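Asker: Take a look at the following structure, please.
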Amino acid sequence: MSVSLALAFVGGIAGGAIARFYRIPGGILLGSVLGAAAVQLALGGEESLSVAVRVSVQIAIGAVIGASLKLDSLSGLKQVVLFTPPLLILMFGVAGFSGILLAAVLGVSVITGLLATIPGGASDIIAIALDIGDGASIVAAVHLLRLLIIYGVLTTFFRKAFPPAPVDEITPQV
Amino acid sequence: MMEFRLRERRVHVQQWPEKLAERIRAVSVRPTRSVRIARHRSLLLQGFAAVCGGLVGYASPIPAGAFFGSMAGVAVVASQTEPAPFPSWLRDLARMLTGTAAGALVSRNVIVELGWALAWGAFANMVIIGIGLFCGYLFAKWSGIDRPTAMLAFSPGGIVEIATLADESDVQSHIVIAVHLIRRLLTLAVLVLLLSALVE
């Protein structure tokens with residue numbers, strides 16, 4: 001791991017810790033994204049994360065989420081299997097159309113446009129774009145922009161649109 | 001109506017001292033030594049299950065296998081042993097690491113490459129996020145699942161990042177994760193078909 005990447009980790013943890021200290025709802029994730037991104041941009045770091053680091057991070061967050069899951073709640077997933085596929089097809093259709101439009105506007109290949117707008121995991125799609133060697137930078141930039149919008153705008157949107165219930169409206173559990 | 005609301009609110013306020021006393025009792029009752037040992041053992045087992053499950057998942061062809069393997073391992077162990085939640089600082093540290101890993105992907109080269117096209121990229125992203133939220137709205141309407149859960153389930157981000165966001169928000173994480181798993185598998189299937197058709 002290079003010095004800039006190590007410093008990006010320090011920046012990320014610091015950003016998350018500041019958000020935690022000020023108790024910003026949903027701020028830990030956004031704080032660490034912004035902290036790490038700011039350090040990477042300031043130092044001009046170009047090195048990507050090693051597989052070992054990525055797998056370790058996935059194991060850590062998987063453990064935390066797994067501990068909060070209840071196995072008996074999995075019975076409620078029937079609705080998910082029933083309603084998700086048609087909605088996803090709609091989502092893919094719109095994403096495909098905007099990808100073709102993006103390719104036309106930017107003057108890049110259709111594959112680049114589609115890879116940039118397909119609603120998948122950023123790391124997977126960027127890896128595929130790098131593999132086929134077609135506009136990987138544009139694909140990466142659009143996906144990272146989406147991550148930043150989701151963390152920044154969507155977190156705020158959820159907080160404003162669906163505020164937590166006030167304390168005096170919580171029903172007593174007797 | 002207003003009177004009813006005020007009366008209801010007064011009833012809640014009257015119940016506060018009872019609730020407070022109950023909470024103080026819960027905090028002051030220290031768990032016995034055997035319970036504490038069982039909790040520590042459960043935490044150790046959960047950690048072991050996370051590492052083993054994560055490595056098995058990573059070796060498997062499942063997308064984000066390390067994440068799913070670790071999650072499944074811990075969920076199974078946690079359901080079989082003494083309830084022992086991870087300390088809050090550990091949960092927050094895992095979230096910070098996830099955010100840091102995403103933020104570290106940003107580089108100067110990526111920003112320069114996009115340049116003037118940044119506005120078009122932002123517009124395309126707003127369209128995709130918008131249709132995701134609309135799908136979430138429809139999903140909530142059809143299935144009866146609460147709107148924050150449904151909308152987060154159809155937010156077009158990476159599964160690890162959105163699952164972390166769901167865990168941090170007050171939503172049903174298992175539904176969000178299930179929808180994202182289906183989406184990720186569908187994405188990979190679409191990509192395979194698309195690339196084989198377009199690259200040739």
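Quick note on naming: the chains in the structure tokens go A, B, ... in the order shown, residues restart at 1 in each chain, and ligands are numbered from 1 in order of appearance.
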Please list as an MDAnalysis selection string every residue within 9 Å of range 22-39 of chain A, counting only C-alpha atoms and excluding residues in the same chain fewer than 6 positions away.
Answerer: (chainID A and resid 4:5 7:16 45 148 151:152 155:156 159) or (chainID B and resid 92:93 95:107 161 164:165 168:169)
Asker: So which one's closest to Arg147 in chain B, B:Tyr58, B:Phe68, B:Trp89, B:Phe134? Using only C-alpha atoms, please.
Answerer: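 The closest residue to Arg147 in chain B is B:Phe134.
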Asker: Name the closest residue to chain B among the candidates A:Leu101, A:Val51, A:Val3, A:Ile61; distances are taken between atoms, counting only C-alpha atoms.
Answerer: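 With only C-alpha atoms as the atom set, the closest residue is A:Ile61.
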Asker: Hey, what's within 9 Å of Val142 in chain A if we count only C-alpha atoms and toss same-chain stuff fewer than 6 positions away? As a list in words, please?
Answerer: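 Counting only the stated atoms, we get Ala116 and Thr117 of chain A; Leu114, Leu118, Gly121, Ala122, Ala124 and Asn125 of chain B.
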Asker: Closest to chain A among B:Leu181, B:Tyr137, B:Met71, B:Ala49, using only C-alpha atoms?
Answerer: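 That would be B:Met71, the residue with the smallest distance to chain A.
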Asker: For a quick check of understanding, using only C-alpha atoms, which of B:Val176, B:Gly65, B:Thr81, B:Phe139 has the smallest distance to Val35 in chain B?
Answerer: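 Comparing B:Val176, B:Gly65, B:Thr81, B:Phe139 against Val35 in chain B, the winner is B:Thr81.
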Asker: Residues of range 18-146 of chain B in helix (DSSP H, G or I) according to DSSP, as a ChimeraX atom specification?
Answerer: /B:18-28,33-59,65-80,88-103,108-143
Asker: Would you list the contacts of range 87-97 of chain A as JSON, numbers by chain, taking every protein, DNA or RNA residue within 10 Å and counting only C-alpha atoms, but skipping same-chain residues closer than 2 positions in sequence?
Answerer: {"A": [83, 84, 85, 99, 100, 101, 102, 103, 110, 113, 114, 115, 116, 117, 118, 119, 120], "B": [124, 125, 127, 128, 129, 130, 131, 132, 133, 134, 135, 136, 138, 139, 154, 156, 179, 182, 183, 186, 187, 190]}
Asker: Name the closest residue to chain A among the candidates B:Arg184, B:Gly57, B:Leu193, B:Arg36; distances are taken between atoms, counting only C-alpha atoms.
Answerer: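 Looking at the shortest contact to chain A, the residue is B:Arg184.
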Asker: Taking only C-alpha atoms into account, name the residue in B:Gln80, B:Ser70, B:Ser196, B:Ser88 that is nearest to chain A.
Answerer: B:Ser70
